[in-house]
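S.K.: data_37.cif is reproduced in full below (mmCIF, C-alpha atoms and all ligand atoms).
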```cif
data_coords
#
loop_
_atom_site.group_PDB
_atom_site.id
_atom_site.type_symbol
_atom_site.label_atom_id
_atom_site.label_comp_id
_atom_site.auth_asym_id
_atom_site.auth_seq_id
_atom_site.Cartn_x
_atom_site.Cartn_y
_atom_site.Cartn_z
ATOM 1 C CA MET A 918 -22.748 74.412 44.514
ATOM 2 C CA ARG A 919 -19.005 74.785 44.106
ATOM 3 C CA ILE A 920 -16.314 73.209 42.017
ATOM 4 C CA GLU A 921 -13.500 71.632 43.989
ATOM 5 C CA HIS A 922 -10.027 72.895 43.045
ATOM 6 C CA LEU A 923 -7.067 70.582 43.643
ATOM 7 C CA SER A 924 -3.371 71.389 43.558
ATOM 8 C CA PRO A 925 -1.174 69.934 40.791
ATOM 9 C CA ASP A 926 0.416 67.563 43.309
ATOM 10 C CA ALA A 927 -2.938 65.932 44.102
ATOM 11 C CA ASP A 928 -2.789 62.229 43.294
ATOM 12 C CA ALA A 929 -5.020 60.305 40.885
ATOM 13 C CA GLU A 930 -6.823 58.676 43.809
ATOM 14 C CA ARG A 931 -7.905 62.055 45.162
ATOM 15 C CA ILE A 932 -9.041 63.348 41.757
ATOM 16 C CA GLY A 933 -10.977 60.113 41.223
ATOM 17 C CA ALA A 934 -12.664 60.493 44.619
ATOM 18 C CA VAL A 935 -13.801 64.066 43.857
ATOM 19 C CA LEU A 936 -15.037 62.963 40.413
ATOM 20 C CA ALA A 937 -17.020 60.118 41.998
ATOM 21 C CA ARG A 938 -18.622 62.601 44.397
ATOM 22 C CA ASP A 939 -19.119 65.701 42.198
ATOM 23 C CA GLY A 940 -18.655 64.518 38.600
ATOM 24 C CA CYS A 941 -16.170 67.382 38.097
ATOM 25 C CA ALA A 942 -12.973 68.855 39.539
ATOM 26 C CA VAL A 943 -10.337 71.411 38.560
ATOM 27 C CA VAL A 944 -6.626 70.694 38.931
ATOM 28 C CA ASP A 945 -4.941 74.091 39.025
ATOM 29 C CA ASP A 946 -1.718 74.918 37.177
ATOM 30 C CA LEU A 947 -0.982 71.410 35.878
ATOM 31 C CA LEU A 948 0.589 72.599 32.638
ATOM 32 C CA PRO A 949 3.926 74.418 33.069
ATOM 33 C CA GLU A 950 4.236 77.767 31.315
ATOM 34 C CA ALA A 951 6.863 76.535 28.818
ATOM 35 C CA SER A 952 4.661 73.610 27.731
ATOM 36 C CA ARG A 953 1.650 75.885 27.386
ATOM 37 C CA ALA A 954 3.647 78.191 25.119
ATOM 38 C CA ARG A 955 4.725 75.219 22.955
ATOM 39 C CA VAL A 956 1.172 73.899 22.707
ATOM 40 C CA LYS A 957 -0.152 77.341 21.769
ATOM 41 C CA SER A 958 2.421 77.944 19.074
ATOM 42 C CA GLU A 959 1.977 74.478 17.530
ATOM 43 C CA LEU A 960 -1.813 74.848 17.470
ATOM 44 C CA ALA A 961 -2.099 78.476 16.313
ATOM 45 C CA PRO A 962 -1.841 77.824 12.535
ATOM 46 C CA TRP A 963 -4.311 74.922 12.720
ATOM 47 C CA ILE A 964 -6.862 76.961 14.681
ATOM 48 C CA GLU A 965 -6.421 79.810 12.216
ATOM 49 C CA ALA A 966 -7.187 77.454 9.315
ATOM 50 C CA THR A 967 -10.350 76.011 10.925
ATOM 51 C CA GLU A 968 -13.806 77.139 9.805
ATOM 52 C CA PRO A 969 -16.327 78.068 12.530
ATOM 53 C CA GLY A 970 -19.110 75.627 13.450
ATOM 54 C CA ARG A 971 -22.198 75.191 11.270
ATOM 55 C CA ASP A 972 -24.852 74.744 13.946
ATOM 56 C CA ASP A 973 -25.769 76.202 17.326
ATOM 57 C CA PHE A 974 -24.395 73.278 19.334
ATOM 58 C CA ALA A 975 -20.981 73.412 17.660
ATOM 59 C CA GLY A 976 -21.127 77.219 17.855
ATOM 60 C CA ARG A 977 -21.185 79.497 14.832
ATOM 61 C CA ARG A 978 -18.415 81.643 16.317
ATOM 62 C CA THR A 979 -16.473 78.645 17.650
ATOM 63 C CA ARG A 980 -13.613 76.844 15.939
ATOM 64 C CA ARG A 981 -13.125 73.161 16.717
ATOM 65 C CA THR A 982 -9.763 71.838 15.621
ATOM 66 C CA GLY A 983 -8.969 68.145 16.001
ATOM 67 C CA GLY A 984 -6.322 65.656 14.922
ATOM 68 C CA LEU A 985 -4.102 66.816 17.748
ATOM 69 C CA VAL A 986 -2.018 63.641 17.984
ATOM 70 C CA ALA A 987 -0.799 64.176 14.446
ATOM 71 C CA ARG A 988 -0.669 67.959 14.502
ATOM 72 C CA SER A 989 0.915 68.764 17.839
ATOM 73 C CA PRO A 990 3.768 66.816 19.454
ATOM 74 C CA ALA A 991 3.337 68.969 22.593
ATOM 75 C CA CYS A 992 -0.319 67.879 22.863
ATOM 76 C CA ARG A 993 0.769 64.221 22.959
ATOM 77 C CA GLU A 994 2.177 64.875 26.420
ATOM 78 C CA LEU A 995 -1.193 66.183 27.606
ATOM 79 C CA ILE A 996 -3.065 63.276 26.028
ATOM 80 C CA ALA A 997 -0.875 60.697 27.806
ATOM 81 C CA HIS A 998 -0.353 62.722 30.994
ATOM 82 C CA PRO A 999 0.152 60.106 33.751
ATOM 83 C CA LEU A 1000 -1.980 61.987 36.303
ATOM 84 C CA VAL A 1001 -4.843 62.296 33.821
ATOM 85 C CA LEU A 1002 -4.665 58.629 32.840
ATOM 86 C CA GLY A 1003 -4.530 57.689 36.508
ATOM 87 C CA ALA A 1004 -7.646 59.759 37.274
ATOM 88 C CA VAL A 1005 -9.496 58.456 34.193
ATOM 89 C CA GLY A 1006 -8.588 54.923 35.277
ATOM 90 C CA ARG A 1007 -10.251 55.593 38.656
ATOM 91 C CA VAL A 1008 -13.458 56.914 37.071
ATOM 92 C CA LEU A 1009 -13.580 53.982 34.617
ATOM 93 C CA SER A 1010 -12.265 51.326 37.004
ATOM 94 C CA HIS A 1011 -15.274 49.080 36.273
ATOM 95 C CA VAL A 1012 -14.360 48.662 32.576
ATOM 96 C CA THR A 1013 -11.505 46.439 31.409
ATOM 97 C CA SER A 1014 -9.969 49.124 29.241
ATOM 98 C CA PHE A 1015 -10.481 52.651 27.972
ATOM 99 C CA GLN A 1016 -9.111 54.572 25.023
ATOM 100 C CA LEU A 1017 -8.724 58.062 23.632
ATOM 101 C CA HIS A 1018 -12.110 59.306 22.458
ATOM 102 C CA LEU A 1019 -11.421 62.722 20.936
ATOM 103 C CA THR A 1020 -8.847 65.507 20.806
ATOM 104 C CA GLN A 1021 -10.183 68.990 20.044
ATOM 105 C CA VAL A 1022 -9.130 72.578 20.594
ATOM 106 C CA ILE A 1023 -12.265 74.579 21.299
ATOM 107 C CA SER A 1024 -11.764 78.249 20.565
ATOM 108 C CA ILE A 1025 -14.912 80.208 21.384
ATOM 109 C CA GLY A 1026 -15.055 83.552 19.623
ATOM 110 C CA PRO A 1027 -16.407 86.821 21.070
ATOM 111 C CA GLY A 1028 -20.195 87.100 20.904
ATOM 112 C CA GLU A 1029 -20.831 83.324 20.999
ATOM 113 C CA PRO A 1030 -23.912 82.548 23.118
ATOM 114 C CA ALA A 1031 -23.884 79.801 25.763
ATOM 115 C CA GLN A 1032 -23.995 76.243 24.434
ATOM 116 C CA ALA A 1033 -26.978 74.041 25.345
ATOM 117 C CA VAL A 1034 -26.435 72.184 28.612
ATOM 118 C CA HIS A 1035 -25.803 68.506 27.855
ATOM 119 C CA ARG A 1036 -24.069 65.277 28.830
ATOM 120 C CA ASP A 1037 -21.166 64.287 26.578
ATOM 121 C CA GLN A 1038 -22.284 60.637 26.758
ATOM 122 C CA TRP A 1039 -25.390 61.582 24.769
ATOM 123 C CA ALA A 1040 -23.052 61.214 21.789
ATOM 124 C CA PHE A 1041 -23.612 57.466 22.188
ATOM 125 C CA ASP A 1042 -27.026 57.803 20.577
ATOM 126 C CA PHE A 1043 -28.584 58.774 23.939
ATOM 127 C CA PHE A 1044 -28.154 55.257 25.299
ATOM 128 C CA PRO A 1045 -29.516 55.268 28.886
ATOM 129 C CA PHE A 1046 -26.460 54.096 30.821
ATOM 130 C CA PRO A 1047 -27.360 53.116 34.389
ATOM 131 C CA GLU A 1048 -26.893 55.862 36.978
ATOM 132 C CA GLY A 1049 -23.373 55.706 38.355
ATOM 133 C CA TYR A 1050 -22.087 53.699 35.377
ATOM 134 C CA GLU A 1051 -19.689 56.161 33.784
ATOM 135 C CA VAL A 1052 -18.392 55.309 30.316
ATOM 136 C CA GLN A 1053 -16.403 58.479 29.672
ATOM 137 C CA CYS A 1054 -14.044 60.828 31.481
ATOM 138 C CA ASN A 1055 -13.051 64.194 30.024
ATOM 139 C CA THR A 1056 -10.569 66.999 30.407
ATOM 140 C CA ILE A 1057 -10.479 70.590 29.226
ATOM 141 C CA TRP A 1058 -7.038 72.187 29.482
ATOM 142 C CA ALA A 1059 -7.234 75.991 29.701
ATOM 143 C CA LEU A 1060 -4.793 77.542 27.204
ATOM 144 C CA GLY A 1061 -5.743 81.002 28.478
ATOM 145 C CA ASP A 1062 -7.596 82.055 31.640
ATOM 146 C CA PHE A 1063 -11.174 80.745 31.817
ATOM 147 C CA THR A 1064 -13.485 83.400 33.251
ATOM 148 C CA GLU A 1065 -17.230 83.708 33.528
ATOM 149 C CA GLU A 1066 -17.027 86.614 31.060
ATOM 150 C CA ASN A 1067 -15.044 84.815 28.345
ATOM 151 C CA GLY A 1068 -17.036 81.565 28.319
ATOM 152 C CA ALA A 1069 -15.525 79.277 30.968
ATOM 153 C CA THR A 1070 -17.167 75.843 30.741
ATOM 154 C CA ARG A 1071 -20.326 75.805 32.867
ATOM 155 C CA VAL A 1072 -21.033 72.738 35.006
ATOM 156 C CA ILE A 1073 -23.519 71.447 37.565
ATOM 157 C CA PRO A 1074 -21.496 69.686 40.284
ATOM 158 C CA GLY A 1075 -23.313 66.511 41.362
ATOM 159 C CA SER A 1076 -25.427 66.355 38.188
ATOM 160 C CA HIS A 1077 -23.780 63.095 37.092
ATOM 161 C CA ARG A 1078 -26.416 61.570 39.395
ATOM 162 C CA TYR A 1079 -29.355 63.442 37.872
ATOM 163 C CA ALA A 1080 -32.010 61.807 35.706
ATOM 164 C CA ASP A 1081 -31.149 61.501 32.011
ATOM 165 C CA ARG A 1082 -32.331 63.763 29.180
ATOM 166 C CA LEU A 1083 -33.062 66.789 31.367
ATOM 167 C CA GLN A 1084 -33.319 70.151 29.657
ATOM 168 C CA LEU A 1085 -31.318 72.433 31.917
ATOM 169 C CA SER A 1086 -30.244 75.990 31.265
ATOM 170 C CA ALA A 1087 -27.160 78.102 31.898
ATOM 171 C CA GLY A 1088 -28.887 79.459 35.029
ATOM 172 C CA ASP A 1089 -28.617 75.976 36.590
ATOM 173 C CA THR A 1090 -24.825 75.919 36.106
ATOM 174 C CA VAL A 1091 -21.710 77.517 37.577
ATOM 175 C CA PRO A 1092 -18.638 78.605 35.569
ATOM 176 C CA ALA A 1093 -15.453 76.554 35.942
ATOM 177 C CA GLU A 1094 -13.213 79.576 36.243
ATOM 178 C CA MET A 1095 -9.538 78.655 36.238
ATOM 179 C CA ARG A 1096 -6.138 80.074 35.412
ATOM 180 C CA ALA A 1097 -4.361 79.259 32.159
ATOM 181 C CA GLY A 1098 -2.637 75.876 32.468
ATOM 182 C CA SER A 1099 -5.334 74.417 34.739
ATOM 183 C CA VAL A 1100 -7.501 71.438 33.803
ATOM 184 C CA LEU A 1101 -11.194 70.788 34.275
ATOM 185 C CA PHE A 1102 -12.055 67.100 34.680
ATOM 186 C CA TYR A 1103 -15.686 66.025 34.201
ATOM 187 C CA THR A 1104 -17.402 62.720 33.653
ATOM 188 C CA GLY A 1105 -19.510 61.670 30.671
ATOM 189 C CA ALA A 1106 -22.685 61.937 32.757
ATOM 190 C CA LEU A 1107 -22.057 65.468 34.064
ATOM 191 C CA TYR A 1108 -24.400 68.159 32.761
ATOM 192 C CA HIS A 1109 -22.355 71.061 31.383
ATOM 193 C CA GLY A 1110 -21.918 73.365 28.397
ATOM 194 C CA ALA A 1111 -19.605 76.041 27.065
ATOM 195 C CA GLY A 1112 -20.322 79.493 28.494
ATOM 196 C CA ALA A 1113 -21.197 82.596 26.448
ATOM 197 C CA ASN A 1114 -18.144 84.603 25.418
ATOM 198 C CA ARG A 1115 -18.886 88.243 26.321
ATOM 199 C CA SER A 1116 -15.229 89.284 26.126
ATOM 200 C CA ASP A 1117 -13.404 90.643 23.095
ATOM 201 C CA ALA A 1118 -10.959 87.736 22.711
ATOM 202 C CA PRO A 1119 -11.344 83.997 22.006
ATOM 203 C CA ARG A 1120 -11.543 81.544 24.908
ATOM 204 C CA THR A 1121 -9.338 78.579 24.053
ATOM 205 C CA GLY A 1122 -9.272 75.164 25.724
ATOM 206 C CA ILE A 1123 -8.210 71.677 24.672
ATOM 207 C CA ASN A 1124 -10.844 69.009 25.124
ATOM 208 C CA LEU A 1125 -9.211 65.571 25.507
ATOM 209 C CA THR A 1126 -11.624 62.787 26.316
ATOM 210 C CA TYR A 1127 -11.387 59.080 27.096
ATOM 211 C CA ALA A 1128 -14.071 56.392 26.933
ATOM 212 C CA ALA A 1129 -14.602 52.695 27.535
ATOM 213 C CA SER A 1130 -13.005 50.804 24.663
ATOM 214 C CA TRP A 1131 -16.254 48.986 23.875
ATOM 215 C CA LEU A 1132 -17.705 52.244 22.573
ATOM 216 C CA ARG A 1133 -16.996 53.805 19.208
ATOM 217 C CA GLN A 1134 -14.469 56.652 19.303
ATOM 218 C CA GLU A 1135 -15.884 60.083 18.475
ATOM 219 C CA GLU A 1136 -12.714 61.090 16.623
ATOM 220 C CA ASN A 1137 -11.412 58.324 14.392
ATOM 221 C CA GLN A 1138 -7.833 57.991 15.584
ATOM 222 C CA TYR A 1139 -6.717 55.618 12.807
ATOM 223 C CA LEU A 1140 -7.695 58.055 10.073
ATOM 224 C CA SER A 1141 -6.996 61.344 11.904
ATOM 225 C CA CYS A 1142 -3.374 60.358 12.437
ATOM 226 C CA PRO A 1143 -1.750 59.177 9.199
ATOM 227 C CA PRO A 1144 0.168 55.873 9.456
ATOM 228 C CA GLU A 1145 3.488 57.574 8.638
ATOM 229 C CA ILE A 1146 3.116 59.697 11.780
ATOM 230 C CA ALA A 1147 1.607 56.863 13.831
ATOM 231 C CA ARG A 1148 4.733 54.785 13.105
ATOM 232 C CA THR A 1149 6.862 57.369 14.936
ATOM 233 C CA LEU A 1150 4.758 57.484 18.128
ATOM 234 C CA PRO A 1151 5.567 55.753 21.420
ATOM 235 C CA THR A 1152 3.791 52.430 21.876
ATOM 236 C CA PRO A 1153 1.821 53.456 25.022
ATOM 237 C CA LEU A 1154 0.326 56.409 23.084
ATOM 238 C CA LEU A 1155 -0.577 54.130 20.161
ATOM 239 C CA ARG A 1156 -2.223 51.723 22.593
ATOM 240 C CA LEU A 1157 -4.247 54.597 24.050
ATOM 241 C CA MET A 1158 -5.319 55.658 20.542
ATOM 242 C CA GLY A 1159 -6.734 52.193 19.975
ATOM 243 C CA TYR A 1160 -3.858 50.221 18.486
ATOM 244 C CA ALA A 1161 -4.713 47.455 20.910
ATOM 245 C CA ARG A 1162 -7.429 44.954 21.557
ATOM 246 C CA GLY A 1163 -9.987 46.649 23.758
ATOM 247 C CA ALA A 1164 -11.445 44.645 26.650
ATOM 248 C CA TYR A 1165 -10.793 41.052 25.540
ATOM 249 C CA ALA A 1166 -10.888 41.099 21.752
ATOM 250 C CA LEU A 1167 -12.383 44.320 20.389
ATOM 251 C CA GLY A 1168 -10.614 45.745 17.379
ATOM 252 C CA TYR A 1169 -8.296 42.884 16.526
ATOM 253 C CA VAL A 1170 -6.819 42.553 13.021
ATOM 254 C CA ASP A 1171 -7.706 39.513 10.857
ATOM 255 C CA ASP A 1172 -6.560 36.351 12.746
ATOM 256 C CA THR A 1173 -7.108 38.047 16.139
ATOM 257 C CA ARG A 1174 -3.773 39.835 15.709
ATOM 258 C CA ASP A 1175 -2.730 42.704 17.973
ATOM 259 C CA PRO A 1176 -3.303 45.905 15.893
ATOM 260 C CA ILE A 1177 0.099 47.260 16.907
ATOM 261 C CA GLU A 1178 1.602 44.537 14.706
ATOM 262 C CA VAL A 1179 0.519 46.447 11.612
ATOM 263 C CA LEU A 1180 2.819 49.333 12.557
ATOM 264 C CA ARG A 1181 5.420 47.670 14.706
ATOM 265 C CA PRO A 1182 5.612 43.864 14.301
ATOM 266 C CA GLU A 1183 8.236 43.377 17.010
ATOM 267 C CA GLU A 1184 5.906 44.813 19.670
ATOM 268 C CA ALA A 1185 2.955 42.528 18.958
ATOM 269 C CA GLN A 1186 1.607 40.629 21.901
ATOM 270 C CA ASP A 1187 0.054 37.198 21.744
ATOM 271 C CA GLY A 1188 -3.145 36.617 23.552
ATOM 272 C CA LEU A 1189 -5.857 39.156 24.067
ATOM 273 C CA GLY A 1190 -6.257 42.169 26.323
ATOM 274 C CA ALA A 1191 -3.148 44.237 25.491
ATOM 275 C CA LEU A 1192 -4.952 47.524 26.083
ATOM 276 C CA ALA A 1193 -6.010 46.372 29.514
ATOM 277 C CA ARG A 1194 -2.369 45.549 30.322
ATOM 278 C CA ALA A 1195 -1.111 48.860 28.912
ATOM 279 C CA ARG A 1196 -3.647 50.726 30.988
ATOM 280 C CA GLN A 1197 -2.543 48.932 34.114
ATOM 281 C CA GLN A 1198 1.086 49.858 33.449
ATOM 282 C CA LEU A 1199 0.178 53.523 32.925
ATOM 283 C CA ALA A 1200 -1.954 53.608 36.081
ATOM 284 C CA GLU A 1201 0.886 52.079 38.112
ATOM 285 C CA ARG A 1202 3.175 54.879 36.969
ATOM 286 C CA ALA A 1203 0.685 57.587 38.065
HETATM 287 O O1 LIG B 1 -15.696 74.358 25.392
HETATM 288 C C1 LIG B 1 -16.303 74.112 26.416
HETATM 289 O O2 LIG B 1 -16.212 74.801 27.430
HETATM 290 C C2 LIG B 1 -17.227 72.913 26.492
HETATM 291 C C3 LIG B 1 -17.675 72.416 25.146
HETATM 292 C C4 LIG B 1 -18.547 71.205 25.267
HETATM 293 O O3 LIG B 1 -19.004 70.837 26.308
HETATM 294 C C5 LIG B 1 -18.832 70.393 24.071
HETATM 295 O O4 LIG B 1 -18.623 70.878 22.942
HETATM 296 O O5 LIG B 1 -19.289 69.244 24.222
HETATM 297 FE FE FE B 2 -19.718 68.812 26.217
#
```
Please go through the file and, once you have read it, give me the structure as structure tokens.
M.R.:
Amino acid sequence: MRIEHLSPDADAERIGAVLARDGCAVVDDLLPEASRARVKSELAPWIEATEPGRDDFAGRRTRRTGGLVARSPACRELIAHPLVLGAVGRVLSHVTSFQLHLTQVISIGPGEPAQAVHRDQWAFDFFPFPEGYEVQCNTIWALGDFTEENGATRVIPGSHRYADRLQLSAGDTVPAEMRAGSVLFYTGALYHGAGANRSDAPRTGINLTYAASWLRQEENQYLSCPPEIARTLPTPLLRLMGYARGAYALGYVDDTRDPIEVLRPEEAQDGLGALARARQQLAERA
């Protein structure tokens, strides 16, 4: 049981193929040092101001800080990274469109025990999606080194094909160790969980996830990013956040209007399916 590591010049096709086979993959060193420093400095005050979790799953020594589109311009580049969107598009190629699902810095403090092993798609009220029908594709960007000792995410390669609702333990998993700036990709069906942090410093990663646009977003992008900030963002990022009709018509405004029209009337598109078109354009650029 090993986790495949790919180089940062791997293409989206290759990442998608490994994700189809294993349900997880690491792309090493994708984030240049200067960008990582910017991301860290923009996020530091927000992490500092975040209260630790209130239950065992969230982690009582773990801070989860969201709203990253609004709070960190540097994070926007990670969220809309062309290679990531290309790989997500491969994993979710059977759905008409996908959108941003959540943005969250996960900073696991020293002494935090391992998180329960789970599938992220259980968030959809444990709906039993058919085996092989992925609805979600996720990334965790390592802001510092991820080691077994400090709580690297633990995964079970190939477990995206396992039966649903299994109760697995940390002993069934392997740690996704990776250098700072690397990214773990994993699908919504992959069994995984945060590792125990036995080091004396926090383990910090950015969880950016994407899901089929017919599912409800875990982080409400319209309310997490105030309209005065949303108005300043590039249109492709707004589309990804959900300012678009998902699939054919989902999420339109009143008379089936394109949601982007509310922020940027000149960009509105007639007809349905703008998110599907935006996704295609992004995938072609990858
Ligand atoms: O932080 C991690 O390593 C993984 C956290 C996780 O899987 C979750 O909170 O759903
Ligand atoms: Fe998870």
S.K.: Using all atoms listed in the file, determine which residues lie at most 9 Å from Ala1147 (chain A), disregarding the query and same-chain residues fewer than 4 positions distant; provide the list as a CSV table (one decimal) with C-alpha atoms, in the coordinates of the input.
M.R.:
```
chain,number,residue,atom,x,y,z
A,986,VAL,CA,-2.0,63.6,18.0
A,987,ALA,CA,-0.8,64.2,14.4
A,1139,TYR,CA,-6.7,55.6,12.8
A,1142,CYS,CA,-3.4,60.4,12.4
A,1143,PRO,CA,-1.8,59.2,9.2
A,1151,PRO,CA,5.6,55.8,21.4
A,1155,LEU,CA,-0.6,54.1,20.2
A,1180,LEU,CA,2.8,49.3,12.6
```
S.K.: Check which residues fall inside 8 Å of ligand FE 2 (chain B) when counting only C-alpha atoms and all ligand atoms, and print them as an mmCIF file with C-alpha atoms, keeping the file's coordinate frame.
M.R.:
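Output file part_13.cif follows:
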```
data_model
loop_
_atom_site.group_PDB
_atom_site.id
_atom_site.type_symbol
_atom_site.label_atom_id
_atom_site.label_comp_id
_atom_site.auth_asym_id
_atom_site.auth_seq_id
_atom_site.Cartn_x
_atom_site.Cartn_y
_atom_site.Cartn_z
ATOM 1 C CA VAL A 1034 -26.435 72.184 28.612
ATOM 2 C CA HIS A 1035 -25.803 68.506 27.855
ATOM 3 C CA ARG A 1036 -24.069 65.277 28.830
ATOM 4 C CA ASP A 1037 -21.166 64.287 26.578
ATOM 5 C CA HIS A 1109 -22.355 71.061 31.383
ATOM 6 C CA GLY A 1110 -21.918 73.365 28.397
ATOM 7 C CA ALA A 1111 -19.605 76.041 27.065
#
```
S.K.: Report the residues retrieved by the PyMOL selection byres (((chain A and resi 1097-1104) around 6) and not hetatm) from the displayed file, expressed as a list in words.
M.R.: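 Selected by the PyMOL selection byres (((chain A and resi 1097-1104) around 6) and not hetatm) here: Gly940, Cys941, Ala942, Val943, Val944, Asp945, Asp946, Leu947, Leu948, Gln1053, Cys1054, Asn1055, Thr1056, Ile1057, Trp1058, Ala1059, Leu1060, Gly1061, Asp1062, Arg1096, Gly1105, Ala1106 and Leu1107 of chain A.
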S.K.: Using only C-alpha atoms and all ligand atoms for the distances, tell me which of A:Pro999, A:Gly1159, A:Pro1045, A:Gly1026 is nearest to ligand LIG 1 (chain B).
M.R.: A:Gly1026
S.K.: Box for region 1001-1019 of chain A - axis-aligned, 4 Å on each of the six sides, all listed atoms - centre and size in Å to one decimal, as lines of an AutoDock Vina configuration file.
M.R.:
```
center_x = -9.9
center_y = 54.6
center_z = 29.8
size_x = 18.7
size_y = 24.3
size_z = 25.7
```
S.K.: Point out the residue among A:Arg1148, A:Arg1120, A:His1018, A:Arg988 with the least atom-to-atom distance to ligand LIG 1 (chain B), counting all atoms listed in the file.
M.R.: A:Arg1120
S.K.: With distances taken over all atoms listed in the file, which of A:Arg1133, A:Arg980, A:Arg919, A:His998 is nearest to ligand LIG 1 (chain B)?
M.R.: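 Selected residue with least distance to ligand LIG 1 (chain B): A:Arg980.
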S.K.: With only C-alpha atoms and all ligand atoms counted, collect every polymer residue having an atom within 9 Å of ligand LIG 1 (chain B); state the result as number ranges by chain.
M.R.: A: 974-976, 979, 981, 1022-1025, 1032-1037, 1057, 1063, 1068-1071, 1093, 1108-1112, 1120-1124
S.K.: If you apply the PyMOL selection byres (((chain A and resi 1041) around 10) and not hetatm) to this file, what residues do you get, as a PyMOL selection string?
M.R.: chain A and resi 1037-1040+1042-1046+1052+1132-1135
S.K.: What does the distance between CA of Asn1067 (chain A) and CA of Asp1117 (chain A) come to in Å, to one decimal place?
M.R.: 8.0 Å
S.K.: Just how far from CA of Glu921 (chain A) is CA of Ala1004 (chain A), in Å to one decimal?
M.R.: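 Going from CA of Ala1004 (chain A) over to CA of Glu921 (chain A), I get 14.8 Å.
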S.K.: Pick out the closest residue to Pro990 (chain A) from this set: A:Thr1149, A:Thr1064, A:Ser1076, A:Thr1173. Count only C-alpha atoms.
M.R.: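 Among the listed residues, A:Thr1149 lies closest to Pro990 (chain A).
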S.K.: Tell me, in Å to one decimal, how far CA of Leu1157 (chain A) is from CA of Gln1016 (chain A).
M.R.: 5.0 Å
S.K.: Applying the PyMOL selection byres (((chain A and resi 1079) around 10) and not hetatm) to the file I just gave you, which residues come out? Please list them as number ranges by chain.
M.R.: A: 1048-1049, 1073, 1075-1078, 1080-1083, 1106-1108
S.K.: Only C-alpha atoms, please: the residues just picked out, written as a PDB file, in the coordinates of the input.
M.R.:
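Now in selection-v4.pdb:
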```pdb
ATOM      1  CA  GLU A1048     -26.893  55.862  36.978  1.00  0.00           C
ATOM      2  CA  GLY A1049     -23.373  55.706  38.355  1.00  0.00           C
ATOM      3  CA  ILE A1073     -23.519  71.447  37.565  1.00  0.00           C
ATOM      4  CA  GLY A1075     -23.313  66.511  41.362  1.00  0.00           C
ATOM      5  CA  SER A1076     -25.427  66.355  38.188  1.00  0.00           C
ATOM      6  CA  HIS A1077     -23.780  63.095  37.092  1.00  0.00           C
ATOM      7  CA  ARG A1078     -26.416  61.570  39.395  1.00  0.00           C
ATOM      8  CA  ALA A1080     -32.010  61.807  35.706  1.00  0.00           C
ATOM      9  CA  ASP A1081     -31.149  61.501  32.011  1.00  0.00           C
ATOM     10  CA  ARG A1082     -32.331  63.763  29.180  1.00  0.00           C
ATOM     11  CA  LEU A1083     -33.062  66.789  31.367  1.00  0.00           C
ATOM     12  CA  ALA A1106     -22.685  61.937  32.757  1.00  0.00           C
ATOM     13  CA  LEU A1107     -22.057  65.468  34.064  1.00  0.00           C
ATOM     14  CA  TYR A1108     -24.400  68.159  32.761  1.00  0.00           C
TER      15      TYR A1108
END
```
S.K.: Give me, as an MDAnalysis selection string, all polymer residues having an atom no more than 10 Å from Arg955 (chain A), counting only C-alpha atoms and skipping those fewer than 6 positions away in the same chain.
M.R.: chainID A and resid 989:992
S.K.: Tell me which of A:Glu1029, A:Glu950, A:Glu1094, A:Glu1065 sits closest to His922 (chain A), counting all atoms listed in the file.
M.R.: A:Glu1094
S.K.: Which polymer residues have any atom within 12 Å of an atom of His1011 (chain A), counting only C-alpha atoms, with same-chain residues fewer than 2 positions away left out, as a VMD selection string?
M.R.: chain A and resid 1005 to 1009 1013 to 1015 1049 to 1053 1128 to 1130 1164 1193
